[in-house]
Each structure stands twice: as C-alpha cells, then as structure tokens.
>>> print(open('upload.cif').read())   # mmCIF, C-alpha atoms
data_my_file
loop_
_atom_site.group_PDB
_atom_site.id
_atom_site.type_symbol
_atom_site.label_atom_id
_atom_site.label_comp_id
_atom_site.auth_asym_id
_atom_site.auth_seq_id
_atom_site.Cartn_x
_atom_site.Cartn_y
_atom_site.Cartn_z
ATOM 1 C CA MET A 1 11.393 33.154 -4.805
ATOM 2 C CA THR A 2 13.385 30.563 -6.700
ATOM 3 C CA LYS A 3 12.058 27.079 -6.166
ATOM 4 C CA LYS A 4 14.269 24.088 -6.722
ATOM 5 C CA ALA A 5 13.177 20.495 -6.291
ATOM 6 C CA LYS A 6 15.663 18.404 -4.413
ATOM 7 C CA TYR A 7 15.640 14.808 -3.196
ATOM 8 C CA ILE A 8 16.701 14.865 0.452
ATOM 9 C CA GLY A 9 15.907 11.310 1.484
ATOM 10 C CA ASP A 10 19.519 10.139 1.702
ATOM 11 C CA ASN A 11 19.350 6.534 2.886
ATOM 12 C CA HIS A 12 15.619 6.533 3.579
ATOM 13 C CA PRO A 13 13.859 5.625 0.305
ATOM 14 C CA GLN A 14 10.428 6.675 1.554
ATOM 15 C CA VAL A 15 11.422 10.231 2.484
ATOM 16 C CA TYR A 16 11.044 12.764 -0.278
ATOM 17 C CA GLY A 17 11.322 16.499 -0.212
ATOM 18 C CA PHE A 18 12.328 19.730 -1.842
ATOM 19 C CA GLU A 19 13.751 23.067 -0.890
ATOM 20 C CA VAL A 20 11.915 26.349 -1.202
ATOM 21 C CA GLY A 21 14.111 29.339 -0.551
ATOM 22 C CA ASN A 22 15.623 28.858 2.896
ATOM 23 C CA VAL A 23 13.426 25.952 3.981
ATOM 24 C CA TYR A 24 13.499 22.212 3.420
ATOM 25 C CA LEU A 25 10.119 20.545 3.016
ATOM 26 C CA TYR A 26 9.636 16.827 3.069
ATOM 27 C CA ARG A 27 7.062 14.117 3.463
ATOM 28 C CA ASP A 28 7.905 10.778 5.011
ATOM 29 C CA PHE A 29 5.617 8.227 3.358
ATOM 30 C CA GLY A 30 6.688 5.606 5.869
ATOM 31 C CA ARG A 31 5.447 7.651 8.810
ATOM 32 C CA GLY A 32 2.907 9.893 7.092
ATOM 33 C CA VAL A 33 4.266 13.177 8.428
ATOM 34 C CA GLU A 34 5.015 16.543 6.886
ATOM 35 C CA VAL A 35 7.950 18.489 8.277
ATOM 36 C CA PHE A 36 9.877 21.597 7.389
ATOM 37 C CA PHE A 37 13.429 22.441 8.365
ATOM 38 C CA SER A 38 15.079 25.822 8.519
ATOM 39 C CA LYS A 39 18.508 25.557 6.899
ATOM 40 C CA GLU A 40 19.905 27.989 9.411
ATOM 41 C CA GLY A 41 18.313 26.839 12.650
ATOM 42 C CA GLY A 42 17.855 23.170 11.865
ATOM 43 C CA SER A 43 14.648 23.031 13.889
ATOM 44 C CA SER A 44 11.595 21.204 12.615
ATOM 45 C CA LEU A 45 7.859 21.637 13.013
ATOM 46 C CA ALA A 46 5.024 19.500 11.749
ATOM 47 C CA MET A 47 3.199 21.079 8.850
ATOM 48 C CA GLY A 48 -0.501 20.948 8.301
ATOM 49 C CA TYR A 49 -1.559 18.904 5.298
ATOM 50 C CA ASN A 50 -3.038 21.864 3.415
ATOM 51 C CA MET A 51 0.154 23.871 3.777
ATOM 52 C CA PHE A 52 2.268 20.971 2.565
ATOM 53 C CA ASN A 53 -0.059 20.267 -0.328
ATOM 54 C CA ALA A 54 0.042 23.908 -1.447
ATOM 55 C CA CYS A 55 3.844 23.906 -1.417
ATOM 56 C CA PHE A 56 3.962 20.533 -3.141
ATOM 57 C CA ARG A 57 1.792 21.740 -5.996
ATOM 58 C CA ASP A 58 3.846 24.916 -6.360
ATOM 59 C CA VAL A 59 7.066 23.119 -7.217
ATOM 60 C CA GLU A 60 7.628 22.624 -10.920
ATOM 61 C CA ASP A 61 10.391 20.021 -10.860
ATOM 62 C CA LYS A 62 9.721 16.392 -10.114
ATOM 63 C CA VAL A 63 10.306 15.592 -6.467
ATOM 64 C CA PHE A 64 10.171 11.834 -6.619
ATOM 65 C CA LYS A 65 12.950 9.756 -8.073
ATOM 66 C CA LYS A 66 11.454 7.646 -10.823
ATOM 67 C CA GLU A 67 13.143 4.460 -9.687
ATOM 68 C CA ASP A 68 11.739 4.879 -6.165
ATOM 69 C CA ARG A 69 8.073 5.277 -7.064
ATOM 70 C CA LEU A 70 7.103 1.601 -7.246
ATOM 71 C CA GLN A 71 6.927 0.502 -3.608
ATOM 72 C CA HIS A 72 5.330 -2.940 -3.717
ATOM 73 C CA ILE A 73 3.851 -5.594 -5.955
ATOM 74 C CA THR A 74 1.230 -7.206 -3.757
ATOM 75 C CA PHE A 75 -0.233 -10.670 -4.219
ATOM 76 C CA THR A 76 -3.306 -11.057 -2.061
ATOM 77 C CA GLY A 77 -4.968 -14.235 -0.882
ATOM 78 C CA ILE A 78 -2.254 -16.698 0.093
ATOM 79 C CA ASP A 79 -4.027 -19.769 1.492
ATOM 80 C CA TRP A 80 -3.339 -22.846 3.597
ATOM 81 C CA LYS A 81 -2.023 -24.744 0.572
ATOM 82 C CA THR A 82 0.572 -22.065 -0.226
ATOM 83 C CA ASP A 83 4.175 -23.186 0.198
ATOM 84 C CA LEU A 84 5.533 -20.560 2.613
ATOM 85 C CA ASN A 85 9.135 -21.561 1.895
ATOM 86 C CA GLU A 86 8.536 -20.814 -1.765
ATOM 87 C CA LEU A 87 7.229 -17.366 -0.841
ATOM 88 C CA SER A 88 10.529 -16.717 0.937
ATOM 89 C CA GLU A 89 12.461 -17.807 -2.160
ATOM 90 C CA ILE A 90 10.392 -15.539 -4.391
ATOM 91 C CA GLN A 91 10.796 -12.593 -2.015
ATOM 92 C CA GLU A 92 14.553 -13.075 -1.917
ATOM 93 C CA GLN A 93 14.640 -12.754 -5.702
ATOM 94 C CA TYR A 94 12.081 -9.921 -5.823
ATOM 95 C CA PRO A 95 12.430 -7.967 -2.536
ATOM 96 C CA TYR A 96 9.639 -5.530 -3.425
ATOM 97 C CA VAL A 97 7.024 -8.304 -3.359
ATOM 98 C CA GLU A 98 4.315 -8.231 -0.680
ATOM 99 C CA TRP A 99 1.972 -11.011 0.427
ATOM 100 C CA GLY A 100 -1.574 -10.061 1.381
ATOM 101 C CA ILE A 101 -3.470 -12.195 3.896
ATOM 102 C CA LEU A 102 -7.263 -11.911 3.776
ATOM 103 C CA ILE A 103 -8.641 -11.847 7.319
ATOM 104 C CA SER A 104 -12.255 -12.806 7.873
ATOM 105 C CA LYS A 105 -14.268 -13.922 10.876
ATOM 106 C CA ASN A 106 -15.986 -16.448 8.614
ATOM 107 C CA TRP A 107 -12.829 -17.867 7.052
ATOM 108 C CA LYS A 108 -14.071 -21.443 7.435
ATOM 109 C CA SER A 109 -17.149 -20.910 5.262
ATOM 110 C CA ASN A 110 -15.651 -18.382 2.832
ATOM 111 C CA ASP A 111 -13.538 -19.027 -0.270
ATOM 112 C CA ASN A 112 -10.130 -20.701 -0.119
ATOM 113 C CA ARG A 113 -8.427 -17.333 -0.343
ATOM 114 C CA TYR A 114 -9.346 -16.435 3.246
ATOM 115 C CA PHE A 115 -6.440 -17.492 5.420
ATOM 116 C CA ASN A 116 -6.662 -20.110 8.162
ATOM 117 C CA PRO A 117 -5.350 -18.321 11.293
ATOM 118 C CA THR A 118 -4.052 -21.549 12.822
ATOM 119 C CA PHE A 119 -1.226 -21.397 10.255
ATOM 120 C CA LEU A 120 0.032 -17.982 11.412
ATOM 121 C CA GLU A 121 2.555 -19.554 13.782
ATOM 122 C CA SER A 122 4.311 -21.203 10.832
ATOM 123 C CA ILE A 123 4.840 -17.958 8.907
ATOM 124 C CA ASP A 124 8.346 -16.516 8.650
ATOM 125 C CA SER A 125 8.253 -13.057 10.215
ATOM 126 C CA ASN A 126 10.707 -11.868 7.530
ATOM 127 C CA LEU A 127 8.039 -12.134 4.863
ATOM 128 C CA ASN A 128 6.591 -8.835 3.645
ATOM 129 C CA LEU A 129 3.040 -9.320 4.859
ATOM 130 C CA SER A 130 -0.020 -7.101 4.816
ATOM 131 C CA ALA A 131 -3.195 -7.825 6.779
ATOM 132 C CA HIS A 132 -6.350 -7.288 4.733
ATOM 133 C CA MET A 133 -9.295 -6.974 7.116
ATOM 134 C CA CYS A 134 -12.630 -7.955 5.626
ATOM 135 C CA GLY A 135 -16.280 -8.026 6.649
ATOM 136 C CA HIS A 136 -17.096 -7.947 10.363
ATOM 137 C CA ILE A 137 -13.454 -7.538 11.416
ATOM 138 C CA ALA A 138 -13.011 -4.512 9.139
ATOM 139 C CA ARG A 139 -16.278 -2.910 10.231
ATOM 140 C CA GLU A 140 -15.397 -3.283 13.898
ATOM 141 C CA ALA A 141 -11.896 -1.930 13.317
ATOM 142 C CA VAL A 142 -13.295 1.170 11.621
ATOM 143 C CA ASN A 143 -15.253 1.864 14.793
ATOM 144 C CA GLY A 144 -12.126 1.521 16.885
ATOM 145 C CA ASN A 145 -12.749 -2.020 18.120
ATOM 146 C CA LEU A 146 -9.660 -4.118 17.382
ATOM 147 C CA ASN A 147 -10.681 -7.070 19.534
ATOM 148 C CA PRO A 148 -12.032 -9.212 16.640
ATOM 149 C CA PHE A 149 -8.773 -8.677 14.733
ATOM 150 C CA LEU A 150 -6.595 -9.340 17.779
ATOM 151 C CA SER A 151 -8.566 -12.484 18.508
ATOM 152 C CA TRP A 152 -8.063 -13.675 14.939
ATOM 153 C CA VAL A 153 -4.285 -13.074 14.891
ATOM 154 C CA ASN A 154 -3.915 -14.517 18.405
ATOM 155 C CA GLY A 155 -0.672 -12.700 19.246
ATOM 156 C CA TYR A 156 0.807 -12.624 15.743
ATOM 157 C CA SER A 157 -0.060 -9.049 14.750
ATOM 158 C CA TYR A 158 3.675 -8.244 14.700
ATOM 159 C CA ILE A 159 4.220 -10.205 11.471
ATOM 160 C CA PHE A 160 2.235 -7.645 9.454
ATOM 161 C CA LYS A 161 4.010 -4.554 8.129
ATOM 162 C CA ARG A 162 0.880 -2.975 6.656
ATOM 163 C CA CYS A 163 -2.836 -3.236 7.288
ATOM 164 C CA GLN A 164 -5.621 -2.773 4.759
ATOM 165 C CA LEU A 165 -9.218 -1.995 5.657
ATOM 166 C CA ASN A 166 -11.565 -3.297 2.969
ATOM 167 C CA ILE A 167 -14.221 -0.677 3.593
ATOM 168 C CA SER A 168 -15.148 0.571 0.134
ATOM 169 C CA ARG A 169 -18.858 0.417 1.051
ATOM 170 C CA SER A 170 -18.461 2.001 4.480
ATOM 171 C CA GLN A 171 -19.490 5.555 5.280
ATOM 172 C CA THR A 172 -17.795 5.564 8.688
ATOM 173 C CA ASN A 173 -14.701 7.696 9.076
ATOM 174 C CA PRO A 174 -11.884 5.304 10.061
ATOM 175 C CA GLU A 175 -10.093 7.875 12.243
ATOM 176 C CA LYS A 176 -10.688 5.820 15.403
ATOM 177 C CA PHE A 177 -8.797 2.897 13.892
ATOM 178 C CA ILE A 178 -6.087 5.107 12.411
ATOM 179 C CA TYR A 179 -5.319 6.625 15.799
ATOM 180 C CA ARG A 180 -5.371 3.234 17.517
ATOM 181 C CA GLY A 181 -3.635 1.283 14.773
ATOM 182 C CA ASN A 182 -0.175 1.293 16.292
ATOM 183 C CA TYR A 183 0.238 -2.332 15.313
ATOM 184 C CA PHE A 184 1.092 -1.381 11.747
ATOM 185 C CA GLY A 185 3.585 0.794 9.928
ATOM 186 C CA GLU A 186 0.940 1.814 7.405
ATOM 187 C CA VAL A 187 -2.850 1.826 7.149
ATOM 188 C CA ILE A 188 -4.398 1.271 3.718
ATOM 189 C CA LEU A 189 -7.971 2.279 2.967
ATOM 190 C CA GLN A 190 -9.540 0.324 0.120
ATOM 191 C CA GLN A 191 -11.789 2.558 -1.984
ATOM 192 C CA LYS A 192 -13.682 1.976 -5.221
ATOM 193 C CA GLY A 193 -12.014 4.628 -7.348
ATOM 194 C CA VAL A 194 -10.935 8.235 -7.855
ATOM 195 C CA ASP A 195 -14.549 9.427 -7.678
ATOM 196 C CA ASN A 196 -15.356 7.271 -4.647
ATOM 197 C CA CYS A 197 -12.598 7.873 -2.143
ATOM 198 C CA ASP A 198 -14.101 10.385 0.284
ATOM 199 C CA LEU A 199 -13.016 8.479 3.390
ATOM 200 C CA PHE A 200 -9.413 8.503 2.238
ATOM 201 C CA MET A 201 -9.478 12.195 1.371
ATOM 202 C CA LYS A 202 -10.722 12.956 4.887
ATOM 203 C CA SER A 203 -7.976 10.831 6.438
ATOM 204 C CA MET A 204 -5.063 11.576 4.109
ATOM 205 C CA GLY A 205 -3.374 14.061 6.444
ATOM 206 C CA ASP A 206 -3.339 11.581 9.320
ATOM 207 C CA ARG A 207 -0.478 9.319 10.284
ATOM 208 C CA ARG A 208 0.486 6.625 7.811
ATOM 209 C CA VAL A 209 -2.597 6.481 5.641
ATOM 210 C CA SER A 210 -2.468 5.302 2.026
ATOM 211 C CA ILE A 211 -5.158 4.162 -0.407
ATOM 212 C CA LEU A 212 -5.855 1.188 -2.652
ATOM 213 C CA LEU A 213 -8.092 2.022 -5.611
ATOM 214 C CA ASP A 214 -9.921 -1.211 -6.333
ATOM 215 C CA ALA A 215 -13.227 -1.270 -8.176
ATOM 216 C CA SER A 216 -12.977 -5.022 -8.737
ATOM 217 C CA GLY A 217 -12.853 -6.064 -5.088
ATOM 218 C CA GLY A 218 -10.818 -9.197 -5.783
ATOM 219 C CA ASN A 219 -13.181 -10.463 -8.487
ATOM 220 C CA GLY A 220 -10.728 -10.191 -11.374
ATOM 221 C CA ILE A 221 -12.690 -7.501 -13.211
ATOM 222 C CA ASN A 222 -10.293 -5.637 -15.486
ATOM 223 C CA THR A 223 -10.678 -1.908 -14.840
ATOM 224 C CA ASP A 224 -8.874 1.061 -16.345
ATOM 225 C CA ILE A 225 -6.284 2.777 -14.179
ATOM 226 C CA GLU A 226 -7.242 6.289 -13.129
ATOM 227 C CA LEU A 227 -4.408 8.151 -11.442
ATOM 228 C CA LEU A 228 -5.113 9.779 -8.095
ATOM 229 C CA ASP A 229 -2.968 12.904 -7.939
ATOM 230 C CA VAL A 230 -2.264 13.296 -4.217
ATOM 231 C CA PRO A 231 0.956 13.456 -2.155
ATOM 232 C CA ALA A 232 0.414 10.004 -0.684
ATOM 233 C CA LYS A 233 1.067 6.366 -1.534
ATOM 234 C CA VAL A 234 -1.592 5.022 -3.880
ATOM 235 C CA GLY A 235 -2.228 1.400 -4.786
ATOM 236 C CA TYR A 236 -3.881 0.292 -8.012
ATOM 237 C CA ALA A 237 -5.826 -2.945 -8.478
ATOM 238 C CA GLY A 238 -8.556 -4.331 -10.688
ATOM 239 C CA GLY A 239 -8.167 -7.459 -12.786
ATOM 240 C CA ILE A 240 -4.371 -7.338 -13.015
ATOM 241 C CA ASN A 241 -2.781 -10.564 -14.280
ATOM 242 C CA ALA A 242 0.081 -11.812 -16.421
ATOM 243 C CA ASP A 243 -1.742 -10.848 -19.622
ATOM 244 C CA ASN A 244 -2.147 -7.149 -18.805
ATOM 245 C CA VAL A 245 0.387 -6.321 -16.091
ATOM 246 C CA ALA A 246 2.984 -5.107 -18.606
ATOM 247 C CA GLU A 247 0.597 -2.516 -20.036
ATOM 248 C CA LYS A 248 -0.623 -1.355 -16.632
ATOM 249 C CA LEU A 249 2.793 -1.184 -14.962
ATOM 250 C CA THR A 250 4.340 0.621 -17.934
ATOM 251 C CA TYR A 251 1.565 3.206 -17.789
ATOM 252 C CA LEU A 252 2.137 3.765 -14.067
ATOM 253 C CA GLU A 253 5.915 3.956 -14.432
ATOM 254 C CA GLU A 254 5.548 6.589 -17.142
ATOM 255 C CA ASN A 255 2.770 8.656 -15.571
ATOM 256 C CA CYS A 256 2.694 8.235 -11.801
ATOM 257 C CA LYS A 257 4.530 11.033 -9.986
ATOM 258 C CA THR A 258 4.282 9.718 -6.421
ATOM 259 C CA PRO A 259 4.983 6.372 -4.683
ATOM 260 C CA TYR A 260 2.576 3.632 -5.704
ATOM 261 C CA TRP A 261 2.033 -0.106 -5.724
ATOM 262 C CA ILE A 262 -0.057 -2.634 -7.617
ATOM 263 C CA ASP A 263 -2.184 -5.375 -6.097
ATOM 264 C CA MET A 264 -3.681 -8.495 -7.620
ATOM 265 C CA GLU A 265 -5.783 -11.324 -6.265
ATOM 266 C CA ALA A 266 -7.938 -13.301 -8.705
ATOM 267 C CA GLY A 267 -5.284 -12.941 -11.420
ATOM 268 C CA VAL A 268 -2.857 -15.215 -9.582
ATOM 269 C CA ARG A 269 -5.282 -18.014 -8.674
ATOM 270 C CA THR A 270 -6.094 -21.344 -10.314
ATOM 271 C CA ASN A 271 -9.366 -23.003 -9.310
ATOM 272 C CA ASP A 272 -9.447 -20.410 -6.507
ATOM 273 C CA TRP A 273 -6.119 -21.560 -5.042
ATOM 274 C CA PHE A 274 -3.105 -19.244 -4.830
ATOM 275 C CA ASP A 275 -0.815 -20.105 -7.751
ATOM 276 C CA THR A 276 2.878 -19.306 -7.247
ATOM 277 C CA ASN A 277 3.611 -20.167 -10.876
ATOM 278 C CA LYS A 278 1.373 -17.293 -11.932
ATOM 279 C CA VAL A 279 3.053 -15.082 -9.313
ATOM 280 C CA ARG A 280 6.474 -15.861 -10.792
ATOM 281 C CA GLN A 281 5.177 -15.178 -14.304
ATOM 282 C CA VAL A 282 3.876 -11.756 -13.256
ATOM 283 C CA LEU A 283 7.103 -10.875 -11.442
ATOM 284 C CA GLU A 284 9.294 -11.826 -14.394
ATOM 285 C CA ILE A 285 7.304 -9.433 -16.579
ATOM 286 C CA CYS A 286 7.367 -6.668 -13.960
ATOM 287 C CA ASP A 287 11.081 -7.028 -13.321
ATOM 288 C CA GLN A 288 11.862 -6.451 -16.989
ATOM 289 C CA ILE A 289 9.840 -3.227 -16.951
ATOM 290 C CA ILE A 290 11.362 -2.037 -13.676
ATOM 291 C CA ASN A 291 14.928 -2.644 -14.863
ATOM 292 C CA LYS A 292 14.160 -0.942 -18.172
ATOM 293 C CA GLN A 293 13.038 2.198 -16.316
ATOM 294 C CA LYS A 294 16.272 2.455 -14.297
#
>>> encode(input="upload.cif", output="structure tokens")
Amino acid sequence: MTKKAKYIGDNHPQVYGFEVGNVYLYRDFGRGVEVFFSKEGGSSLAMGYNMFNACFRDVEDKVFKKEDRLQHITFTGIDWKTDLNELSEIQEQYPYVEWGILISKNWKSNDNRYFNPTFLESIDSNLNLSAHMCGHIAREAVNGNLNPFLSWVNGYSYIFKRCQLNISRSQTNPEKFIYRGNYFGEVILQQKGVDNCDLFMKSMGDRRVSILLDASGGNGINTDIELLDVPAKVGYAGGINADNVAEKLTYLEENCKTPYWIDMEAGVRTNDWFDTNKVRQVLEICDQIINKQK
C-alpha cells in the first residue's frame, strides 16, 4: 500500500494527520484524540492509541509542519510584584508566550515565585496562563480530589488554559484527575526525564495529556535535552536561560518531529523575583531562531 504523509489540519494548527490508502488518520493535540476517516463514507471512529501509534511509526514522510512544532515558550513563576499589564504587552508581541502560575497551599511561607491567590481577580483572562499545581494540591488532584485547587483559585479556574501536575516523585496514576479535569484544555504531567516518565506513558492515550520533562524542578540546573519520541506534545525544561536558550531551541527546531514547548523558571528570576527584562531577552533570541526556521 502506498503511504503518503499529508497535513490535513486546515485552519486548526494542532490537528495533524496523514493518509494511508483510502483512510485519513489524524491526531488532535488540542483534544488528545485519535480519529480515522474513510474518504468514501466520511464517517469517523476513535482509534486506540496502539493502533494510531503503529500507523504513525509506519509513515516515512514527516507529518508535522516544521513551523507548527513549537507550541509555547513558558515562563513559570510570575509573582505578586509582576506587572500584569507588561505581560499583556509582551504576549501581544510574542503570541506563543505562556505564563505559568505556581499553585501551592503554603504560598505564604514558600518562595516568592508561588503566586498569591488574592491577585487572581486582577489577571486579564486573555493572558495565556497555565496552572502549575505543587505539593499538597498536586497530590490531592492526582487522587481525584480537586477541592484544594478549587479553594485556592476561588472561582477563577477559567483563566487557565492548561494545567500542570508537578508529580515527578509520585507513583500514583493520575487517571482520576485526568478524567475529572474538565477545567482545562490540556493536562501536563511533569516527569524527571525520558527514563523516568512511566506515569505519562500509562496516561498518554487519554484525553489531552502532555508531558514536561524537567529534571531540574525549577532549580535552574542546566540539563541536556533528551528527545522523547512519542506522538504527543512534549515540553522541555532544565536550566534554560538567555545564555543557553539559542542552543537548546535550535536543537529542538532541527530535531523534534512533534509539537513541543520549552519552559523556564529560575532562568528568568533576579533575587528570586520574576524578571520581565530577562523574559524579553529570552524572547528576542527565540524569535530570531523561529523566524529563521520559517
């Protein structure tokens, strides 16, 4: 059978697919579903992950448009001193930027980077925000209990487009949260690395699950990028800053075959406060690389 890769996303940048004989196959990374269409009948049925993965690996041509692979550049740890109006200005210039809010039950006694929930009401809902659940809130969420998170956000869960569970040390399958997590368009599982991502591999076929590979855990430890070759969105973190982002992003642009993003935390802080000057410096470097790849 002749196999021909074909982009069939049209106006939906997160839908990718290919045709095999008389069937269209695609994966929607925004909704985390696998579907196949008969060209003749036009009907669709959900595919099992294993079947999709087998077909995906059997196609020789590249399915993903190179310019569509980078999905986000995430800056995690905005704090109560951060100028939210400036974040809006930056996002207008760099629409792929994402702002990560660290959510902790003990935000008062933790570092500055843990957000003060009383400031949620002042956040522009048009900002690209991701909720990063930590500690007790993350552990409860994994077990299907969203009450600590809902109490923390106090009615403002709708401002978050993605949710990240910082559960790299957990052994609990997060399926209860994944099935209940209708508050978010995407669920991110933070894992230590390619060799330590069992929870993600068990959950990859479910809903809107993606993974952040982060051995540093927000501590600014520079780690080598190891590509995770799966048909899912993969985030890469670990000591990324203005000094090394060009090297890391260039490597990903040249070698990553599926949608990805990069995330940084300590690398854009000064005296543990979120530093928008460092954010702008990183984005200027990234934008040059992105435009060069187009």
>>> atom_distance(input="upload.cif", atom1="CA of Tyr96 in chain A", atom2="CA of Arg113 in chain A")
21.8 Å
>>> resolve_selection(input="upload.cif", expression="the PyMOL selection byres ((chain A and resi 94) around 12)", output="count of residues only")
29
>>> resolve_selection(input="upload.cif", expression="the PyMOL selection byres ((chain A and resi 213-227) around 10)", output="NGL selection string")
:A and (76-77 or 166 or 168 or 189-197 or 211-212 or 228-230 or 234-241 or 244 or 248-249 or 251-252 or 255-257 or 262-269)
>>> residues_around(input="upload.cif", residues="range 151-155 of chain A", least_positions_apart="5", cutoff="12 Å", atoms="all atoms listed in the file", output="JSON, numbers by chain")
{"A": [101, 102, 103, 104, 105, 106, 107, 115, 116, 117, 118, 119, 120, 121, 123, 131, 132, 133, 134, 136, 137, 138, 145, 146, 160, 183]}
>>> atom_distance(input="upload.cif", atom1="CA of Trp261 in chain A", atom2="CA of Ser122 in chain A")
26.9 Å
>>> atom_distance(input="upload.cif", atom1="CA of Ala232 in chain A", atom2="CA of Ser210 in chain A")
6.1 Å
>>> residues_around(input="upload.cif", residues="Arg69 in chain A", least_positions_apart="6", cutoff="7 Å", atoms="only C-alpha atoms", output="list in words")
Thr258, Pro259 and Tyr260 of chain A
>>> closest_residue(input="upload.cif", among="A:Phe274, A:Phe184, A:Tyr114, A:Trp80", to="Tyr156 in chain A", atoms="all atoms listed in the file")
A:Phe184
